[in-house]
$ cat upload.cif   # mmCIF, C-alpha atoms and all ligand atoms
data_start
#
loop_
_atom_site.label_atom_id
_atom_site.label_comp_id
_atom_site.auth_asym_id
_atom_site.auth_seq_id
_atom_site.Cartn_x
_atom_site.Cartn_y
_atom_site.Cartn_z
CA MET A 205 42.78 -43.89 -52.23
CA THR A 206 41.84 -42.68 -55.68
CA ASN A 207 40.21 -45.23 -57.89
CA VAL A 208 42.00 -45.63 -61.24
CA ASP A 209 40.83 -47.34 -64.42
CA LYS A 210 42.23 -47.55 -67.95
CA TRP A 211 41.24 -43.92 -68.60
CA GLY A 212 43.12 -42.61 -65.53
CA PRO A 213 42.02 -41.51 -62.04
CA VAL A 214 38.23 -41.71 -61.56
CA ARG A 215 37.24 -38.21 -60.49
CA VAL A 216 33.54 -38.55 -59.68
CA ARG A 217 31.31 -35.52 -59.95
CA THR A 218 28.92 -35.94 -57.05
CA ARG A 219 25.24 -35.88 -57.76
CA ASN A 220 22.96 -34.34 -55.17
CA PRO A 221 19.75 -36.42 -55.13
CA ALA A 222 17.96 -33.65 -53.19
CA ARG A 223 18.86 -30.98 -55.73
CA PRO A 224 15.97 -28.60 -56.43
CA PHE A 225 14.84 -28.50 -60.08
CA GLU A 226 12.29 -27.06 -62.46
CA TYR A 227 10.55 -28.87 -65.27
CA ARG A 228 8.70 -26.80 -67.80
CA LEU A 229 6.81 -27.86 -70.89
CA SER A 230 4.91 -25.25 -72.85
CA THR A 231 4.62 -27.31 -76.04
CA GLU A 232 1.44 -29.17 -76.96
CA ILE A 233 2.42 -32.61 -78.25
CA VAL A 234 0.32 -34.13 -81.03
CA PHE A 235 1.38 -37.68 -81.90
CA GLY A 236 0.05 -40.27 -84.32
CA GLU A 237 0.01 -41.68 -87.83
CA GLY A 238 -1.67 -39.42 -90.37
CA ARG A 239 -2.00 -36.46 -88.04
CA ILE A 240 -0.19 -34.13 -90.44
CA ARG A 241 -3.69 -33.71 -91.92
CA GLU A 242 -4.59 -31.69 -88.80
CA LEU A 243 -1.81 -29.15 -89.33
CA ALA A 244 -4.05 -26.26 -90.42
CA ASP A 245 -6.25 -26.62 -87.33
CA HIS A 246 -3.21 -26.33 -85.07
CA LEU A 247 -1.87 -23.30 -86.94
CA ARG A 248 -5.23 -21.54 -86.68
CA ALA A 249 -5.49 -22.34 -82.97
CA HIS A 250 -2.32 -20.31 -82.44
CA GLY A 251 -3.22 -17.45 -84.78
CA LEU A 252 -0.69 -18.66 -87.34
CA THR A 253 -2.64 -17.60 -90.39
CA ARG A 254 0.21 -16.62 -92.73
CA PRO A 255 2.75 -19.40 -92.19
CA LEU A 256 6.28 -19.78 -93.49
CA ILE A 257 7.35 -23.40 -93.92
CA VAL A 258 11.07 -23.70 -93.11
CA THR A 259 12.70 -26.79 -94.57
CA ASP A 260 15.52 -28.16 -96.74
CA ARG A 261 15.71 -29.03 -100.44
CA GLY A 262 16.27 -32.73 -99.78
CA LEU A 263 12.98 -33.03 -97.96
CA ARG A 264 11.21 -30.96 -100.58
CA SER A 265 12.38 -33.40 -103.25
CA THR A 266 10.64 -36.28 -101.42
CA GLY A 267 7.22 -34.71 -101.99
CA ILE A 268 6.43 -34.28 -98.28
CA ILE A 269 6.42 -30.49 -98.54
CA ASP A 270 4.11 -30.57 -101.59
CA ARG A 271 1.74 -32.73 -99.56
CA VAL A 272 1.80 -30.33 -96.62
CA GLU A 273 1.27 -27.35 -98.94
CA THR A 274 -1.77 -29.08 -100.44
CA ILE A 275 -3.18 -29.79 -96.97
CA LEU A 276 -2.80 -26.11 -96.06
CA VAL A 277 -4.22 -24.78 -99.36
CA GLU A 278 -7.27 -27.04 -99.01
CA ALA A 279 -7.77 -25.66 -95.50
CA GLY A 280 -7.58 -22.08 -96.81
CA LEU A 281 -4.15 -21.36 -95.27
CA PRO A 282 -1.65 -21.17 -98.14
CA ALA A 283 1.96 -21.12 -96.96
CA ARG A 284 5.20 -19.71 -98.33
CA VAL A 285 8.18 -22.07 -98.31
CA PHE A 286 11.83 -21.37 -97.46
CA ASP A 287 13.74 -24.52 -98.44
CA ALA A 288 17.41 -23.45 -98.21
CA VAL A 289 18.24 -24.79 -94.74
CA THR A 290 21.48 -26.81 -94.70
CA SER A 291 22.94 -29.13 -92.08
CA ASP A 292 24.88 -27.24 -89.37
CA PRO A 293 22.70 -24.22 -90.23
CA LEU A 294 24.30 -20.78 -90.27
CA THR A 295 23.25 -17.68 -88.36
CA SER A 296 23.10 -15.96 -91.78
CA THR A 297 20.39 -18.41 -92.88
CA VAL A 298 18.35 -17.42 -89.83
CA GLU A 299 18.69 -13.76 -90.88
CA GLU A 300 17.56 -14.65 -94.41
CA VAL A 301 14.45 -16.36 -93.05
CA ARG A 302 13.73 -13.41 -90.77
CA ASP A 303 13.86 -11.15 -93.85
CA VAL A 304 11.45 -13.40 -95.78
CA ILE A 305 9.01 -13.20 -92.86
CA ALA A 306 9.19 -9.39 -92.85
CA GLU A 307 9.04 -8.97 -96.62
CA HIS A 308 5.86 -11.03 -96.98
CA GLY A 309 4.16 -10.05 -93.72
CA LEU A 310 4.10 -13.64 -92.42
CA ASN A 311 3.10 -14.32 -88.83
CA GLY A 312 4.77 -17.55 -87.76
CA THR A 313 7.02 -20.43 -88.77
CA VAL A 314 6.42 -24.13 -89.36
CA GLY A 315 9.69 -26.04 -89.19
CA ILE A 316 9.42 -29.31 -91.13
CA GLY A 317 12.41 -31.65 -91.31
CA GLY A 318 15.37 -32.61 -89.18
CA GLY A 319 16.90 -30.65 -86.33
CA SER A 320 18.44 -28.05 -88.64
CA SER A 321 15.11 -26.95 -90.15
CA LEU A 322 13.43 -26.90 -86.75
CA ASP A 323 16.27 -24.89 -85.20
CA VAL A 324 16.19 -22.30 -88.00
CA ALA A 325 12.38 -22.03 -87.76
CA LYS A 326 12.69 -21.41 -84.01
CA ALA A 327 15.49 -18.84 -84.23
CA ALA A 328 13.94 -16.97 -87.16
CA ALA A 329 10.58 -16.64 -85.38
CA ALA A 330 12.51 -15.22 -82.42
CA LEU A 331 14.50 -12.77 -84.55
CA ALA A 332 11.30 -11.54 -86.18
CA THR A 333 10.36 -9.91 -82.86
CA ASN A 334 13.79 -9.38 -81.24
CA PRO A 335 15.94 -6.85 -83.09
CA GLY A 336 19.53 -7.38 -84.24
CA ALA A 337 21.66 -10.37 -85.14
CA PRO A 338 21.19 -13.94 -83.84
CA GLN A 339 24.54 -13.66 -82.03
CA ALA A 340 22.99 -11.10 -79.66
CA TYR A 341 20.82 -13.85 -78.17
CA VAL A 342 23.37 -16.63 -77.72
CA GLY A 343 23.15 -18.16 -74.25
CA ARG A 344 20.22 -18.67 -71.89
CA GLU A 345 17.11 -16.48 -71.79
CA LYS A 346 18.50 -13.48 -73.69
CA LEU A 347 15.34 -12.91 -75.76
CA THR A 348 13.29 -9.97 -74.54
CA HIS A 349 10.14 -10.52 -76.64
CA ASP A 350 8.03 -13.58 -77.38
CA PRO A 351 8.73 -14.97 -80.86
CA LEU A 352 6.10 -15.38 -83.53
CA PRO A 353 4.26 -18.70 -83.03
CA ILE A 354 6.36 -21.75 -83.96
CA VAL A 355 5.05 -25.17 -84.95
CA ALA A 356 7.51 -28.04 -85.31
CA VAL A 357 7.01 -31.11 -87.49
CA PRO A 358 10.00 -33.47 -87.22
CA THR A 359 10.62 -35.88 -90.09
CA THR A 360 13.64 -37.55 -88.50
CA ALA A 361 13.67 -39.39 -85.17
CA GLY A 362 16.65 -38.06 -83.30
CA THR A 363 17.10 -34.42 -82.46
CA GLY A 364 13.98 -33.82 -80.38
CA SER A 365 14.29 -30.15 -81.30
CA GLU A 366 10.47 -29.98 -81.44
CA VAL A 367 10.35 -29.81 -77.64
CA THR A 368 13.60 -28.07 -76.71
CA ILE A 369 14.49 -24.58 -75.60
CA TRP A 370 17.52 -24.70 -77.93
CA SER A 371 18.33 -23.55 -81.42
CA VAL A 372 21.83 -24.74 -82.31
CA LEU A 373 23.47 -22.71 -85.07
CA THR A 374 26.88 -22.17 -86.62
CA ASP A 375 28.16 -18.60 -86.38
CA ALA A 376 28.62 -17.49 -90.00
CA GLN A 377 31.54 -15.26 -88.97
CA THR A 378 33.56 -17.46 -86.58
CA GLY A 379 32.48 -20.99 -87.55
CA ALA A 380 31.75 -21.77 -83.88
CA LYS A 381 28.62 -23.60 -82.72
CA VAL A 382 26.36 -21.17 -80.89
CA SER A 383 23.09 -21.91 -79.11
CA ILE A 384 20.12 -19.70 -78.42
CA GLY A 385 18.31 -21.16 -75.43
CA SER A 386 15.00 -19.85 -74.17
CA VAL A 387 11.69 -21.18 -72.98
CA ARG A 388 10.23 -18.59 -75.36
CA ILE A 389 11.36 -20.55 -78.43
CA MET A 390 9.76 -23.82 -77.42
CA PRO A 391 7.31 -24.55 -80.25
CA ARG A 392 3.62 -24.00 -79.48
CA VAL A 393 2.87 -27.37 -81.07
CA ALA A 394 5.04 -30.38 -81.84
CA LEU A 395 3.22 -32.45 -84.44
CA LEU A 396 4.77 -35.91 -84.67
CA ASP A 397 3.46 -38.10 -87.47
CA PRO A 398 5.49 -41.33 -87.74
CA GLU A 399 4.38 -41.76 -91.38
CA LEU A 400 6.54 -38.77 -92.32
CA THR A 401 9.62 -40.79 -91.30
CA TYR A 402 8.85 -43.92 -93.39
CA GLY A 403 10.96 -42.73 -96.32
CA LEU A 404 14.01 -41.81 -94.28
CA PRO A 405 17.09 -43.63 -95.68
CA PRO A 406 18.78 -46.27 -93.46
CA ALA A 407 21.94 -44.22 -92.86
CA ILE A 408 20.00 -41.18 -91.61
CA THR A 409 17.70 -43.40 -89.56
CA ALA A 410 20.77 -44.96 -87.95
CA ALA A 411 22.59 -41.69 -87.20
CA THR A 412 19.58 -39.78 -85.89
CA GLY A 413 18.54 -42.80 -83.82
CA MET A 414 21.93 -42.83 -82.13
CA ASP A 415 21.51 -39.10 -81.42
CA ALA A 416 18.26 -39.91 -79.60
CA LEU A 417 20.00 -42.70 -77.68
CA SER A 418 22.83 -40.38 -76.66
CA HIS A 419 20.33 -37.77 -75.40
CA ALA A 420 18.72 -40.42 -73.20
CA VAL A 421 21.96 -42.00 -71.96
CA GLU A 422 23.63 -38.67 -71.25
CA SER A 423 20.55 -37.24 -69.56
CA TYR A 424 20.25 -40.31 -67.35
CA GLY A 425 23.93 -40.04 -66.43
CA SER A 426 23.82 -36.26 -65.87
CA VAL A 427 24.55 -35.00 -62.36
CA TRP A 428 21.61 -32.64 -62.90
CA ASN A 429 19.05 -35.38 -63.52
CA HIS A 430 15.82 -35.69 -61.52
CA PRO A 431 12.99 -38.22 -61.33
CA ILE A 432 10.89 -36.79 -64.17
CA ALA A 433 13.82 -36.80 -66.59
CA GLU A 434 15.03 -40.18 -65.38
CA SER A 435 11.71 -41.87 -66.15
CA LEU A 436 11.63 -40.44 -69.65
CA ALA A 437 15.28 -41.27 -70.35
CA LEU A 438 14.92 -44.89 -69.24
CA ARG A 439 11.88 -45.46 -71.44
CA ALA A 440 13.68 -43.80 -74.37
CA ILE A 441 16.70 -46.10 -73.97
CA GLU A 442 14.40 -49.12 -73.91
CA LEU A 443 12.56 -47.94 -77.05
CA VAL A 444 15.81 -47.42 -78.97
CA GLY A 445 16.97 -50.89 -77.90
CA GLN A 446 13.74 -52.39 -79.27
CA HIS A 447 13.19 -50.33 -82.40
CA LEU A 448 16.36 -48.88 -83.92
CA ARG A 449 17.59 -52.07 -85.64
CA PRO A 450 14.20 -52.81 -87.28
CA ALA A 451 13.73 -49.13 -88.27
CA VAL A 452 17.07 -49.24 -90.10
CA SER A 453 16.49 -52.61 -91.77
CA ASN A 454 12.87 -51.93 -92.81
CA GLY A 455 11.98 -48.24 -92.98
CA ALA A 456 8.30 -48.98 -93.50
CA ASP A 457 7.95 -50.98 -90.26
CA PRO A 458 5.22 -48.92 -88.55
CA MET A 459 5.95 -50.07 -84.99
CA ALA A 460 9.68 -49.39 -85.38
CA ARG A 461 9.10 -45.90 -86.82
CA ARG A 462 6.55 -45.07 -84.13
CA GLY A 463 8.89 -46.36 -81.41
CA MET A 464 11.85 -44.34 -82.67
CA LEU A 465 9.86 -41.11 -83.07
CA MET A 466 8.60 -41.53 -79.51
CA ALA A 467 12.13 -42.30 -78.28
CA SER A 468 13.46 -39.15 -79.93
CA LEU A 469 10.69 -37.05 -78.39
CA ILE A 470 10.95 -38.33 -74.84
CA SER A 471 14.75 -38.44 -74.79
CA GLU A 472 14.73 -34.68 -75.34
CA LEU A 473 11.91 -34.19 -72.84
CA ALA A 474 14.46 -35.68 -70.46
CA ALA A 475 17.59 -33.91 -71.69
CA ASN A 476 16.04 -30.45 -71.94
CA SER A 477 16.29 -29.93 -68.19
CA THR A 478 19.40 -31.99 -67.35
CA ARG A 479 21.91 -31.07 -70.07
CA LEU A 480 23.95 -33.87 -71.60
CA GLY A 481 27.56 -35.00 -71.23
CA LEU A 482 30.94 -35.48 -72.87
CA CYS A 483 29.55 -37.14 -75.99
CA HIS A 484 27.62 -34.00 -76.94
CA ALA A 485 30.35 -31.67 -75.73
CA LEU A 486 32.62 -33.28 -78.36
CA ALA A 487 30.01 -33.90 -81.06
CA LEU A 488 29.11 -30.22 -81.43
CA PRO A 489 32.60 -28.96 -82.42
CA LEU A 490 33.02 -32.03 -84.65
CA GLY A 491 29.93 -30.84 -86.52
CA ALA A 492 30.97 -27.20 -86.67
CA ASN A 493 34.63 -27.81 -87.65
CA HIS A 494 34.52 -31.03 -89.64
CA HIS A 495 30.87 -31.43 -90.67
CA VAL A 496 30.67 -34.84 -89.05
CA PRO A 497 26.88 -35.42 -88.99
CA HIS A 498 25.69 -34.87 -85.43
CA GLY A 499 24.23 -38.35 -85.04
CA VAL A 500 27.33 -40.03 -86.46
CA ALA A 501 29.62 -38.12 -84.08
CA ASN A 502 27.44 -39.19 -81.17
CA ALA A 503 27.28 -42.78 -82.42
CA LEU A 504 31.08 -42.98 -82.51
CA LEU A 505 31.64 -41.32 -79.14
CA LEU A 506 28.81 -42.74 -77.05
CA ALA A 507 30.40 -46.15 -76.34
CA PRO A 508 33.82 -44.72 -75.31
CA VAL A 509 32.05 -42.12 -73.16
CA ALA A 510 29.90 -44.83 -71.55
CA ASP A 511 33.04 -46.87 -70.87
CA PHE A 512 34.66 -43.77 -69.34
CA ASN A 513 31.63 -42.87 -67.22
CA ALA A 514 30.76 -46.36 -65.98
CA ALA A 515 33.27 -46.21 -63.11
CA ALA A 516 31.74 -42.95 -61.87
CA ALA A 517 28.09 -44.04 -62.05
CA PRO A 518 28.22 -47.86 -62.08
CA ASP A 519 24.60 -48.45 -61.00
CA ARG A 520 23.22 -46.18 -63.70
CA TYR A 521 25.36 -47.64 -66.46
CA ARG A 522 24.37 -51.17 -65.44
CA ILE A 523 20.72 -50.24 -65.87
CA ILE A 524 21.47 -48.73 -69.30
CA ALA A 525 23.27 -51.94 -70.28
CA THR A 526 20.33 -54.08 -69.19
CA LEU A 527 17.84 -51.96 -71.16
CA LEU A 528 20.01 -52.36 -74.26
CA GLY A 529 20.23 -56.12 -73.83
CA ALA A 530 23.82 -56.57 -72.60
CA PRO A 531 23.53 -56.85 -68.82
CA ASP A 532 27.23 -56.49 -68.09
CA ASP A 533 28.44 -53.47 -69.98
CA ALA A 534 26.69 -50.42 -71.51
CA ALA A 535 29.66 -49.60 -73.77
CA ILE A 536 29.58 -53.08 -75.30
CA ALA A 537 25.81 -52.87 -75.85
CA ILE A 538 26.09 -49.44 -77.52
CA ASP A 539 29.00 -50.54 -79.69
CA ARG A 540 27.12 -53.63 -80.83
CA LEU A 541 24.09 -51.54 -81.76
CA ARG A 542 26.25 -49.04 -83.67
CA GLY A 543 27.84 -51.85 -85.70
CA ASP A 544 24.51 -53.60 -86.36
CA ILE A 545 23.01 -50.43 -87.86
CA GLY A 546 25.97 -49.89 -90.16
CA ILE A 547 27.89 -47.00 -88.57
CA THR A 548 31.29 -48.60 -89.00
CA ASP A 549 33.68 -45.85 -90.16
CA GLY A 550 35.36 -43.83 -87.42
CA LEU A 551 36.07 -40.10 -87.26
CA ALA A 552 39.08 -40.50 -89.59
CA ALA A 553 36.63 -41.18 -92.43
CA TRP A 554 35.38 -37.61 -91.89
CA ASN A 555 38.89 -36.17 -92.24
CA VAL A 556 39.32 -35.70 -88.53
CA ARG A 557 43.04 -36.04 -87.66
CA PRO A 558 44.81 -36.22 -84.30
CA ASP A 559 46.28 -32.79 -85.15
CA ASP A 560 42.73 -31.38 -84.94
CA PHE A 561 42.05 -32.72 -81.46
CA GLY A 562 43.49 -29.72 -79.59
CA ARG A 563 41.02 -27.33 -81.17
CA ILE A 564 38.05 -29.69 -80.77
CA VAL A 565 38.88 -30.33 -77.11
CA ALA A 566 39.32 -26.61 -76.38
CA MET A 567 35.83 -25.95 -77.76
CA ALA A 568 34.33 -28.94 -75.94
CA LEU A 569 35.72 -27.81 -72.59
CA LYS A 570 33.71 -24.58 -72.85
CA SER A 571 30.43 -26.54 -72.98
CA ASP A 572 28.30 -26.85 -69.85
CA ASN A 573 27.65 -30.43 -70.99
CA CYS A 574 31.08 -31.19 -69.44
CA GLN A 575 29.79 -30.03 -66.04
CA ALA A 576 26.75 -32.30 -66.33
CA ASN A 577 28.91 -35.37 -66.97
CA PRO A 578 29.19 -37.77 -64.01
CA ARG A 579 32.96 -38.09 -64.31
CA GLU A 580 35.28 -35.11 -64.51
CA ALA A 581 37.29 -34.85 -67.69
CA GLY A 582 40.04 -32.48 -68.77
CA GLU A 583 42.08 -32.08 -71.91
CA GLN A 584 43.80 -35.45 -71.54
CA GLU A 585 40.62 -37.46 -71.05
CA LEU A 586 38.72 -35.75 -73.88
CA THR A 587 41.67 -36.34 -76.20
CA ALA A 588 41.67 -40.03 -75.25
CA LEU A 589 37.94 -40.24 -76.02
CA LEU A 590 38.50 -38.75 -79.49
CA HIS A 591 41.28 -41.29 -80.13
CA ALA A 592 38.87 -44.08 -79.19
CA ALA A 593 36.38 -42.79 -81.81
CA LEU A 594 38.96 -42.26 -84.57
FE FE B 601 22.07 -34.34 -80.04
#

$ encode --input "upload.cif" --output "structure tokens"
Amino acid sequence: MTNVDKWGPVRVRTRNPARPFEYRLSTEIVFGEGRIRELADHLRAHGLTRPLIVTDRGLRSTGIIDRVETILVEAGLPARVFDAVTSDPLTSTVEEVRDVIAEHGLNGTVGIGGGSSLDVAKAAAALATNPGAPQAYVGREKLTHDPLPIVAVPTTAGTGSEVTIWSVLTDAQTGAKVSIGSVRIMPRVALLDPELTYGLPPAITAATGMDALSHAVESYGSVWNHPIAESLALRAIELVGQHLRPAVSNGADPMARRGMLMASLISELAANSTRLGLCHALALPLGANHHVPHGVANALLLAPVADFNAAAAPDRYRIIATLLGAPDDAAIAIDRLRGDIGITDGLAAWNVRPDDFGRIVAMALKSDNCQANPREAGEQELTALLHAAL
């Protein structure tokens, strides 16, 4: 007899606990308050003597980039700066950065900022040594040459791009989200200094924090998970449960900022090798088509997706619920957290209409994140999840 819940028949995707897996980490992780002062030493250690800082104008206006430039000048390593990265970065921006590298004879990139700046820094360093357009390398392991050295300095706590094989871009021609995935573009060094996140506004802290939580929850629920990823994901969920509310309410709370930056890092150390789930499958086209900030899309979808998945992986979702402080129901715990940190408007506030759902669902169904999800979902189920987040 097929089990049925309010979402429809529960079609469980079976997880094989004896599945073989690989776990690779080629990135050196440097973590701690004030450690941005060591940046020049790390660049030199990797032969990155003529660096290009890749960032966005918003971050530049906070003074962080000036500070980093001063640190590098004092260490005898002056850097050029490309500050025109936007959210949902375009493949054409990556080509621009590649041209700046060539024009000035630079020999590596330092991505400083949120996921967009890090993803552009990674892809541009790859394009500097792999000929042609970024689109030629979309997919897994298409790069044929090692990129220039990449160093990643996240200033938000959410994407975890500093330790991933992925650069997520928007195709400037088609508007679709495209991802370049390769172990070659994992940064040589991820330098995580919690002090760089102290000035992050509450709304961005909230959205990026929910992105980190969704990486951990979806990785833990993935049918491709394994013990290394599980340990990291569980600790990340616990850290978000402890630290996201205080990080949003008091940005200068050092323990909260440290906890969230660690949560962001280790949630991606988990998700890198397990893929994610339906929440990310839907969040990516919502970013590409409607410019819903990635973290906000995840924040709105994660509770409905947890409610949908709970029947397929009840033990796992009970553990998630307990770690988030609501022993009975992960969806309730996630929803409460979302409300407490001020993400209260649904997708409709971002001009997403039910008429748009067909296109979003069609794009989501192409994502391998759907295959990682513990419960099978087709057009009908994904449409119902979007309605729940509207
Ligand atoms: Fe994400």

$ atom_distance --input "upload.cif" --atom1 "atom CA of Val216 of chain A" --atom2 "atom CA of Ala514 of chain A"
10.4 Å

$ closest_residue --input "upload.cif" --among "A:Leu590, A:Ala534, A:Leu243, A:Leu263" --to "Arg557 of chain A" --atoms "all atoms listed in the file"
A:Leu590

$ residues_around --input "upload.cif" --residues "Tyr227 of chain A" --least-positions-apart "5" --cutoff "9 Å" --atoms "all atoms listed in the file" --output "count of residues only"
4

$ closest_atom_pairs --input "upload.cif" --of "chain A" --to "ligand FE 601 (chain B)" --cutoff "7 Å" --atoms "only C-alpha atoms and all ligand atoms" --output "JSON lines"
{"residue": "A:Thr363", "atom": "CA", "partner": "B:FE601", "partner_atom": "FE", "distance": 5.5}
{"residue": "A:Asp415", "atom": "CA", "partner": "B:FE601", "partner_atom": "FE", "distance": 5.0}
{"residue": "A:Ala416", "atom": "CA", "partner": "B:FE601", "partner_atom": "FE", "distance": 6.8}
{"residue": "A:Ser418", "atom": "CA", "partner": "B:FE601", "partner_atom": "FE", "distance": 7.0}
{"residue": "A:His419", "atom": "CA", "partner": "B:FE601", "partner_atom": "FE", "distance": 6.0}
{"residue": "A:His484", "atom": "CA", "partner": "B:FE601", "partner_atom": "FE", "distance": 6.4}
{"residue": "A:His498", "atom": "CA", "partner": "B:FE601", "partner_atom": "FE", "distance": 6.5}
{"residue": "A:Gly499", "atom": "CA", "partner": "B:FE601", "partner_atom": "FE", "distance": 6.8}

$ residues_around --input "upload.cif" --residues "Gly251 of chain A" --least-positions-apart "6" --cutoff "12 Å" --atoms "all atoms listed in the file" --output "compact mmCIF listing (two decimals) with C-alpha atoms, in the coordinates of the input"
# COMPACT_ATOMS: atom_id res chain seq x y z
CA ALA A 244 -4.05 -26.26 -90.42
CA ASP A 245 -6.25 -26.62 -87.33
CA LEU A 281 -4.15 -21.36 -95.27
CA LEU A 310 4.10 -13.64 -92.42
CA ASN A 311 3.10 -14.32 -88.83
CA GLY A 312 4.77 -17.55 -87.76
CA THR A 313 7.02 -20.43 -88.77
CA LEU A 352 6.10 -15.38 -83.53
CA PRO A 353 4.26 -18.70 -83.03
CA ILE A 354 6.36 -21.75 -83.96
CA VAL A 355 5.05 -25.17 -84.95
CA ARG A 392 3.62 -24.00 -79.48

$ closest_residue --input "upload.cif" --among "A:Phe286, A:Ala515, A:Asp533, A:Asp375" --to "Arg579 of chain A" --atoms "only C-alpha atoms"
A:Ala515

$ atom_distance --input "upload.cif" --atom1 "atom CA of Ala249 of chain A" --atom2 "atom CA of Glu278 of chain A"
16.8 Å

$ atom_distance --input "upload.cif" --atom1 "atom CA of His495 of chain A" --atom2 "atom CA of Arg563 of chain A"
14.5 Å

$ residues_around --input "upload.cif" --residues "Gly315 of chain A" --least-positions-apart "5" --cutoff "8 Å" --atoms "only C-alpha atoms" --output "list of chain:residue names"
A:Ile257, A:Val258, A:Thr259, A:Ser321, A:Leu322, A:Asp323, A:Val324, A:Ala325, A:Lys326, A:Ile354, A:Val355, A:Ala356, A:Val357, A:Pro358

$ closest_residue --input "upload.cif" --among "A:Asp287, A:Glu580, A:Glu242, A:Asp350" --to "Phe512 of chain A" --atoms "all atoms listed in the file"
A:Glu580

$ closest_residue --input "upload.cif" --among "A:Glu366, A:Asp260, A:Asp270, A:Glu300" --to "Thr231 of chain A" --atoms "all atoms listed in the file"
A:Glu366

$ residues_near_point --input "upload.cif" --point "(11.0, -27.1, -67.8)" --cutoff "10 Å" --atoms "all atoms listed in the file" --output "PyMOL selection string"
chain A and resi 225-230+368-369+387+473-474+476-478

$ residues_around --input "upload.cif" --residues "Gln446 of chain A" --least-positions-apart "6" --cutoff "9 Å" --atoms "all atoms listed in the file" --output "JSON, numbers by chain"
{"A": [460, 463, 464, 528]}

$ residues_around --input "upload.cif" --residues "Leu482 of chain A" --least-positions-apart "4" --cutoff "9 Å" --atoms "only C-alpha atoms" --output "count of residues only"
15

$ residues_near_point --input "upload.cif" --point "(-3.4, -36.2, -94.5)" --cutoff "9 Å" --atoms "all atoms listed in the file" --output "list in words"
Gly238, Arg239, Ile240, Arg241, Glu242, Leu243, Arg271, Val272 and Ile275 of chain A

$ closest_residue --input "upload.cif" --among "A:Leu438, A:Val565, A:Val382, A:Ala475" --to "Leu589 of chain A" --atoms "all atoms listed in the file"
A:Val565

$ closest_residue --input "upload.cif" --among "A:Pro293, A:Gly364, A:Pro406, A:Pro221" --to "Pro450 of chain A" --atoms "only C-alpha atoms"
A:Pro406
